[in-house]
file data-v1.txt (compact mmCIF, N, CA and C atoms)
# COMPACT_ATOMS: atom_id res chain seq x y z
N MET A 27 72.00 77.76 44.91
CA MET A 27 72.52 76.75 45.81
C MET A 27 73.74 76.09 45.18
N LYS A 28 74.76 75.86 45.96
CA LYS A 28 75.97 75.25 45.45
C LYS A 28 75.80 73.75 45.34
N ASN A 29 76.56 73.15 44.44
CA ASN A 29 76.49 71.72 44.21
C ASN A 29 77.64 71.07 44.97
N TRP A 30 77.38 70.54 46.14
CA TRP A 30 78.42 69.91 46.96
C TRP A 30 78.51 68.44 46.61
N ARG A 31 79.42 68.11 45.68
CA ARG A 31 79.64 66.72 45.29
C ARG A 31 80.99 66.29 45.80
N TYR A 32 81.12 65.03 46.09
CA TYR A 32 82.42 64.54 46.52
C TYR A 32 82.53 63.05 46.25
N HIS A 33 83.76 62.60 46.24
CA HIS A 33 84.04 61.20 46.05
C HIS A 33 84.17 60.58 47.43
N GLU A 34 83.20 59.78 47.81
CA GLU A 34 83.11 59.28 49.18
C GLU A 34 84.35 58.52 49.62
N ALA A 35 85.00 57.82 48.72
CA ALA A 35 86.18 57.06 49.10
C ALA A 35 87.35 57.97 49.42
N ALA A 36 87.31 59.20 48.94
CA ALA A 36 88.44 60.10 49.11
C ALA A 36 88.32 60.98 50.35
N MET A 37 87.11 61.28 50.79
CA MET A 37 86.97 62.22 51.89
C MET A 37 85.59 62.11 52.51
N ASP A 38 85.48 62.66 53.70
CA ASP A 38 84.19 62.72 54.37
C ASP A 38 83.55 64.09 54.25
N VAL A 39 84.37 65.11 53.97
CA VAL A 39 83.88 66.47 53.86
C VAL A 39 84.05 66.92 52.42
N PRO A 40 83.00 67.44 51.78
CA PRO A 40 83.08 67.76 50.35
C PRO A 40 83.85 69.03 50.04
N PHE A 41 84.49 69.05 48.85
CA PHE A 41 85.00 70.28 48.27
C PHE A 41 83.83 70.97 47.59
N ASP A 42 83.90 72.26 47.44
CA ASP A 42 82.92 72.98 46.63
C ASP A 42 83.41 72.89 45.19
N CYS A 43 82.83 71.98 44.43
CA CYS A 43 83.35 71.74 43.08
C CYS A 43 83.04 72.89 42.12
N LEU A 44 82.25 73.85 42.50
CA LEU A 44 82.01 75.01 41.65
C LEU A 44 83.10 76.06 41.81
N ALA A 45 83.88 75.99 42.86
CA ALA A 45 84.82 77.05 43.16
C ALA A 45 86.27 76.74 42.78
N CYS A 46 86.53 75.60 42.20
CA CYS A 46 87.91 75.21 41.97
C CYS A 46 88.34 75.41 40.53
N GLY A 47 87.95 74.50 39.64
CA GLY A 47 88.35 74.59 38.24
C GLY A 47 89.66 73.91 37.91
N ALA A 48 90.34 73.34 38.91
CA ALA A 48 91.63 72.70 38.65
C ALA A 48 91.51 71.56 37.66
N CYS A 49 90.41 70.82 37.71
CA CYS A 49 90.23 69.68 36.80
C CYS A 49 90.04 70.14 35.35
N CYS A 50 89.78 71.39 35.13
CA CYS A 50 89.53 71.93 33.79
C CYS A 50 90.79 72.44 33.11
N LEU A 51 91.91 72.35 33.81
CA LEU A 51 93.13 72.94 33.28
C LEU A 51 93.80 72.14 32.17
N HIS A 52 93.50 70.86 32.07
CA HIS A 52 94.08 70.00 31.04
C HIS A 52 92.95 69.22 30.37
N ALA A 53 92.07 69.95 29.73
CA ALA A 53 90.82 69.36 29.24
C ALA A 53 90.84 68.98 27.77
N GLY A 54 91.98 69.03 27.12
CA GLY A 54 92.03 68.76 25.69
C GLY A 54 91.62 67.36 25.30
N GLY A 55 91.63 66.43 26.24
CA GLY A 55 91.26 65.07 25.91
C GLY A 55 89.81 64.73 26.21
N VAL A 56 89.00 65.72 26.57
CA VAL A 56 87.62 65.46 26.93
C VAL A 56 86.83 65.04 25.69
N LEU A 57 86.36 63.81 25.72
CA LEU A 57 85.56 63.27 24.63
C LEU A 57 84.12 63.69 24.83
N LEU A 58 83.55 64.31 23.82
CA LEU A 58 82.15 64.72 23.88
C LEU A 58 81.27 63.62 23.31
N LEU A 59 80.32 63.17 24.10
CA LEU A 59 79.32 62.22 23.63
C LEU A 59 78.28 62.98 22.81
N ASP A 60 77.52 62.28 22.01
CA ASP A 60 76.47 62.94 21.23
C ASP A 60 75.51 63.70 22.13
N GLN A 61 75.20 63.13 23.31
CA GLN A 61 74.31 63.80 24.27
C GLN A 61 74.93 65.10 24.79
N ASP A 62 76.27 65.11 24.95
CA ASP A 62 76.97 66.31 25.40
C ASP A 62 76.84 67.42 24.36
N VAL A 63 77.04 67.05 23.10
CA VAL A 63 76.95 68.02 22.02
C VAL A 63 75.53 68.59 21.95
N ALA A 64 74.53 67.73 22.07
CA ALA A 64 73.14 68.18 22.03
C ALA A 64 72.84 69.12 23.20
N ARG A 65 73.32 68.77 24.40
CA ARG A 65 73.09 69.60 25.58
C ARG A 65 73.79 70.96 25.43
N LEU A 66 75.03 70.94 24.95
CA LEU A 66 75.76 72.20 24.74
C LEU A 66 75.09 73.05 23.67
N ALA A 67 74.64 72.42 22.60
CA ALA A 67 73.98 73.15 21.52
C ALA A 67 72.73 73.86 22.03
N ALA A 68 71.91 73.16 22.79
CA ALA A 68 70.70 73.77 23.34
C ALA A 68 71.05 74.91 24.28
N HIS A 69 72.07 74.71 25.11
CA HIS A 69 72.48 75.73 26.08
C HIS A 69 73.03 76.98 25.40
N LEU A 70 73.80 76.78 24.35
CA LEU A 70 74.47 77.89 23.66
C LEU A 70 73.64 78.48 22.53
N GLY A 71 72.52 77.86 22.20
CA GLY A 71 71.69 78.35 21.11
C GLY A 71 72.34 78.13 19.75
N LEU A 72 73.04 77.03 19.62
CA LEU A 72 73.73 76.70 18.37
C LEU A 72 73.24 75.36 17.86
N SER A 73 73.56 75.06 16.62
CA SER A 73 73.29 73.72 16.11
C SER A 73 74.39 72.79 16.63
N GLU A 74 74.12 71.50 16.56
CA GLU A 74 75.13 70.53 16.99
C GLU A 74 76.38 70.63 16.11
N ASP A 75 76.19 70.85 14.82
CA ASP A 75 77.34 71.02 13.92
C ASP A 75 78.16 72.24 14.32
N GLN A 76 77.49 73.33 14.67
CA GLN A 76 78.21 74.54 15.10
C GLN A 76 79.02 74.29 16.36
N VAL A 77 78.46 73.54 17.29
CA VAL A 77 79.20 73.20 18.52
C VAL A 77 80.45 72.41 18.17
N ARG A 78 80.29 71.42 17.31
CA ARG A 78 81.46 70.59 16.94
C ARG A 78 82.53 71.43 16.23
N ILE A 79 82.11 72.36 15.38
CA ILE A 79 83.06 73.19 14.64
C ILE A 79 83.75 74.19 15.58
N ARG A 80 83.00 74.85 16.42
CA ARG A 80 83.55 75.91 17.28
C ARG A 80 84.30 75.40 18.50
N TYR A 81 83.85 74.28 19.07
CA TYR A 81 84.35 73.90 20.38
C TYR A 81 85.09 72.56 20.44
N THR A 82 85.29 71.91 19.28
CA THR A 82 86.12 70.70 19.28
C THR A 82 87.25 70.90 18.27
N HIS A 83 88.30 70.12 18.45
CA HIS A 83 89.39 70.22 17.48
C HIS A 83 89.32 69.13 16.43
N ASP A 84 88.44 68.14 16.65
CA ASP A 84 88.32 67.06 15.68
C ASP A 84 86.88 66.56 15.53
N GLY A 85 85.95 67.32 16.03
CA GLY A 85 84.55 66.92 15.98
C GLY A 85 84.10 66.11 17.18
N GLU A 86 85.06 65.64 17.98
CA GLU A 86 84.74 64.80 19.13
C GLU A 86 85.37 65.25 20.44
N HIS A 87 86.56 65.81 20.37
CA HIS A 87 87.29 66.18 21.59
C HIS A 87 87.28 67.70 21.79
N LEU A 88 86.97 68.08 23.01
CA LEU A 88 86.87 69.49 23.36
C LEU A 88 88.18 70.23 23.09
N ARG A 89 88.05 71.41 22.51
CA ARG A 89 89.21 72.27 22.28
C ARG A 89 89.71 72.83 23.61
N THR A 90 90.96 73.28 23.57
CA THR A 90 91.52 74.01 24.70
C THR A 90 91.55 75.49 24.32
N LYS A 91 91.98 76.32 25.24
CA LYS A 91 92.02 77.75 24.98
C LYS A 91 93.07 78.11 23.94
N GLY A 92 94.09 77.30 23.79
CA GLY A 92 95.12 77.58 22.79
C GLY A 92 96.30 76.64 22.93
N ARG A 93 97.23 76.76 22.01
CA ARG A 93 98.39 75.87 22.01
C ARG A 93 99.18 75.97 23.32
N ASP A 94 99.29 77.17 23.86
CA ASP A 94 100.05 77.36 25.09
C ASP A 94 99.17 77.35 26.33
N ASP A 95 97.90 77.10 26.16
CA ASP A 95 96.97 77.08 27.30
C ASP A 95 96.08 75.84 27.17
N PRO A 96 96.40 74.79 27.93
CA PRO A 96 95.64 73.53 27.82
C PRO A 96 94.30 73.53 28.55
N ALA A 97 93.89 74.67 29.08
CA ALA A 97 92.62 74.73 29.82
C ALA A 97 91.43 74.58 28.89
N CYS A 98 90.35 74.08 29.45
CA CYS A 98 89.10 73.92 28.71
C CYS A 98 88.66 75.26 28.13
N VAL A 99 88.16 75.21 26.92
CA VAL A 99 87.70 76.41 26.23
C VAL A 99 86.57 77.11 27.00
N PHE A 100 85.84 76.37 27.83
CA PHE A 100 84.73 76.94 28.59
C PHE A 100 85.13 77.44 29.97
N LEU A 101 86.39 77.32 30.34
CA LEU A 101 86.84 77.77 31.66
C LEU A 101 87.10 79.27 31.63
N ASP A 102 86.58 79.97 32.62
CA ASP A 102 86.78 81.42 32.73
C ASP A 102 87.15 81.75 34.18
N TRP A 103 88.43 81.99 34.40
CA TRP A 103 88.92 82.26 35.76
C TRP A 103 88.33 83.53 36.35
N GLN A 104 87.94 84.48 35.53
CA GLN A 104 87.44 85.77 36.03
C GLN A 104 86.01 85.70 36.54
N ARG A 105 85.24 84.75 36.06
CA ARG A 105 83.83 84.69 36.45
C ARG A 105 83.63 84.48 37.93
N GLN A 106 84.51 83.70 38.56
CA GLN A 106 84.31 83.46 39.98
C GLN A 106 84.50 84.73 40.79
N LEU A 107 85.35 85.61 40.31
CA LEU A 107 85.55 86.89 41.01
C LEU A 107 84.25 87.68 41.06
N ALA A 108 83.38 87.46 40.10
CA ALA A 108 82.08 88.14 40.06
C ALA A 108 80.98 87.31 40.73
N GLY A 109 81.38 86.22 41.39
CA GLY A 109 80.41 85.42 42.12
C GLY A 109 79.82 84.27 41.34
N GLY A 110 80.35 83.98 40.16
CA GLY A 110 79.82 82.88 39.35
C GLY A 110 80.73 81.67 39.39
N THR A 111 80.33 80.64 38.70
CA THR A 111 81.18 79.46 38.56
C THR A 111 82.19 79.70 37.46
N ARG A 112 83.32 79.05 37.52
CA ARG A 112 84.36 79.23 36.51
C ARG A 112 84.00 78.58 35.19
N CYS A 113 83.07 77.65 35.20
CA CYS A 113 82.64 76.97 33.98
C CYS A 113 81.51 77.76 33.34
N THR A 114 81.73 78.21 32.14
CA THR A 114 80.72 79.05 31.48
C THR A 114 79.53 78.24 30.96
N VAL A 115 79.65 76.91 30.97
CA VAL A 115 78.55 76.05 30.52
C VAL A 115 78.22 75.02 31.60
N TYR A 116 78.38 75.37 32.86
CA TYR A 116 78.25 74.41 33.95
C TYR A 116 76.96 73.60 33.87
N GLU A 117 75.86 74.24 33.60
CA GLU A 117 74.57 73.54 33.54
C GLU A 117 74.53 72.52 32.40
N ALA A 118 75.32 72.74 31.35
CA ALA A 118 75.32 71.87 30.17
C ALA A 118 76.66 71.14 30.00
N ARG A 119 77.47 71.11 31.02
CA ARG A 119 78.82 70.55 30.91
C ARG A 119 78.77 69.09 30.45
N PRO A 120 79.86 68.63 29.80
CA PRO A 120 79.92 67.24 29.32
C PRO A 120 79.78 66.23 30.46
N GLN A 121 79.37 65.03 30.09
CA GLN A 121 79.15 63.97 31.08
C GLN A 121 80.42 63.64 31.86
N VAL A 122 81.56 63.62 31.18
CA VAL A 122 82.81 63.31 31.86
C VAL A 122 83.09 64.33 32.97
N CYS A 123 82.70 65.57 32.76
CA CYS A 123 82.86 66.59 33.79
C CYS A 123 81.88 66.35 34.94
N ARG A 124 80.68 65.95 34.61
CA ARG A 124 79.68 65.64 35.64
C ARG A 124 80.11 64.46 36.50
N ASP A 125 80.81 63.50 35.88
CA ASP A 125 81.21 62.28 36.57
C ASP A 125 82.59 62.36 37.21
N TYR A 126 83.28 63.47 37.04
CA TYR A 126 84.65 63.60 37.56
C TYR A 126 84.65 63.31 39.05
N PRO A 127 85.56 62.46 39.52
CA PRO A 127 85.56 62.09 40.95
C PRO A 127 86.12 63.20 41.83
N VAL A 128 85.27 64.14 42.18
CA VAL A 128 85.67 65.26 43.03
C VAL A 128 86.23 64.71 44.33
N GLY A 129 87.44 65.13 44.66
CA GLY A 129 88.10 64.65 45.87
C GLY A 129 88.92 63.39 45.65
N GLY A 130 88.89 62.84 44.44
CA GLY A 130 89.68 61.66 44.12
C GLY A 130 91.14 62.03 43.87
N ALA A 131 91.95 61.05 43.55
CA ALA A 131 93.39 61.26 43.38
C ALA A 131 93.71 62.31 42.31
N ALA A 132 93.04 62.25 41.15
CA ALA A 132 93.30 63.22 40.08
C ALA A 132 92.90 64.62 40.52
N CYS A 133 91.78 64.74 41.19
CA CYS A 133 91.31 66.02 41.69
C CYS A 133 92.33 66.62 42.66
N LEU A 134 92.76 65.83 43.62
CA LEU A 134 93.70 66.32 44.62
C LEU A 134 95.03 66.71 43.98
N ARG A 135 95.49 65.94 42.99
CA ARG A 135 96.73 66.26 42.29
C ARG A 135 96.61 67.59 41.55
N GLU A 136 95.50 67.80 40.83
CA GLU A 136 95.30 69.05 40.11
C GLU A 136 95.19 70.23 41.07
N ARG A 137 94.49 70.05 42.19
CA ARG A 137 94.40 71.12 43.19
C ARG A 137 95.78 71.48 43.72
N LYS A 138 96.57 70.47 44.04
CA LYS A 138 97.92 70.71 44.55
C LYS A 138 98.77 71.45 43.52
N ASN A 139 98.64 71.04 42.24
CA ASN A 139 99.44 71.65 41.17
C ASN A 139 99.20 73.15 41.02
N ILE A 140 98.01 73.62 41.39
CA ILE A 140 97.75 75.06 41.26
C ILE A 140 97.70 75.76 42.62
N GLY A 141 98.16 75.06 43.66
CA GLY A 141 98.29 75.68 44.97
C GLY A 141 97.02 75.75 45.80
N LEU A 142 96.03 74.91 45.48
CA LEU A 142 94.81 74.88 46.28
C LEU A 142 94.94 73.81 47.36
N PRO A 143 94.18 73.95 48.43
CA PRO A 143 94.25 72.96 49.52
C PRO A 143 93.86 71.57 49.04
N THR A 144 94.53 70.58 49.58
CA THR A 144 94.18 69.20 49.27
C THR A 144 93.48 68.54 50.45
N VAL A 145 93.28 69.30 51.51
CA VAL A 145 92.50 68.83 52.65
C VAL A 145 91.17 69.56 52.57
N PRO A 146 90.07 68.85 52.41
CA PRO A 146 88.78 69.51 52.25
C PRO A 146 88.38 70.32 53.47
N GLN A 147 87.69 71.42 53.21
CA GLN A 147 87.20 72.29 54.27
C GLN A 147 85.67 72.29 54.24
N PRO A 148 85.06 72.21 55.40
CA PRO A 148 83.60 72.32 55.43
C PRO A 148 83.15 73.67 54.91
N PRO A 149 81.93 73.75 54.38
CA PRO A 149 81.42 75.02 53.89
C PRO A 149 81.54 76.11 54.94
N GLY A 150 82.01 77.28 54.52
CA GLY A 150 82.11 78.42 55.41
C GLY A 150 83.42 78.54 56.16
N GLN A 151 84.29 77.54 56.07
CA GLN A 151 85.59 77.62 56.74
C GLN A 151 86.65 78.09 55.77
N THR A 152 87.64 78.77 56.30
CA THR A 152 88.75 79.24 55.49
C THR A 152 89.68 78.08 55.16
N PRO A 153 90.00 77.86 53.88
CA PRO A 153 90.88 76.76 53.50
C PRO A 153 92.29 76.95 54.04
N SER A 154 92.94 75.83 54.34
CA SER A 154 94.34 75.85 54.73
C SER A 154 95.06 74.85 53.88
N THR A 155 96.31 75.13 53.54
CA THR A 155 97.07 74.22 52.68
C THR A 155 97.89 73.29 53.50
call {"tool": "encode", "arguments": {"input": "data-v1.txt", "output": "structure tokens"}}
result
Amino acid sequence: MKNWRYHEAAMDVPFDCLACGACCLHAGGVLLLDQDVARLAAHLGLSEDQVRIRYTHDGEHLRTKGRDDPACVFLDWQRQLAGGTRCTVYEARPQVCRDYPVGGAACLRERKNIGLPTVPQPPGQTPST
């Protein structure tokens, strides 16, 4: 089942937040709480120290894919083509990702920046820009 979340002040019809990934494109500033690290560690089968070493650049902030790619290290654009979510750790994603205001100003700006519709479409309808 898809997770239809939305920011009520921004829209009446939800975006499918599993199908976009625009908010994950500039994730280098994502601060991981201790609870986030513990959740990721359990999900990935790693120790909390291993998560901090492998997936943060300073022990607290999530790494990006690389110097020339500011996307979240857990973002995988190819997974959706196979019917999955673009977030490889969606079930264990950080709290800031869980709380992201889907449909809010930042969301709509990121969607526009990558050419996605900024007018929400009801489930099952073809998006229009």
call {"tool": "atom_distance", "arguments": {"input": "data-v1.txt", "atom1": "atom CA of A:His87", "atom2": "atom CA of A:Leu72"}}
result
17.5 Å
call {"tool": "closest_residue", "arguments": {"input": "data-v1.txt", "among": "A:Val122, A:Leu66, A:Cys46, A:Leu58", "to": "A:Gly85", "atoms": "all atoms listed in the file"}}
result
A:Leu58
call {"tool": "closest_residue", "arguments": {"input": "data-v1.txt", "among": "A:Val63, A:Glu136, A:Cys49, A:Val99", "to": "A:Val77", "atoms": "only N, CA and C atoms"}}
result
A:Val63
call {"tool": "atom_distance", "arguments": {"input": "data-v1.txt", "atom1": "atom C of A:Asp75", "atom2": "atom C of A:His52"}}
result
22.0 Å
call {"tool": "atom_distance", "arguments": {"input": "data-v1.txt", "atom1": "atom CA of A:Leu88", "atom2": "atom CA of A:Cys123"}}
result
11.5 Å
call {"tool": "closest_residue", "arguments": {"input": "data-v1.txt", "among": "A:Asn139, A:Gln121, A:Cys133, A:Val115", "to": "A:His69", "atoms": "all atoms listed in the file"}}
result
A:Val115
call {"tool": "select_by_dssp", "arguments": {"input": "data-v1.txt", "residues": "stretch 41-122 of chain A", "states": "alpha helix (DSSP H)", "output": "PyMOL selection string"}}
result
chain A and resi 60-70+74-81+121-122
call {"tool": "residues_around", "arguments": {"input": "data-v1.txt", "residues": "A:Lys91", "least_positions_apart": "3", "cutoff": "8 Å", "atoms": "only N, CA and C atoms", "output": "list of chain:residue names"}}
result
A:Ala53, A:Gly54, A:Leu88, A:Asp94, A:Asp95, A:Pro96, A:Ala97, A:Cys98, A:Val99, A:Phe100, A:Leu101
call {"tool": "closest_residue", "arguments": {"input": "data-v1.txt", "among": "A:Ala48, A:Leu142, A:Leu57, A:Leu134", "to": "A:Glu86", "atoms": "all atoms listed in the file"}}
result
A:Leu57
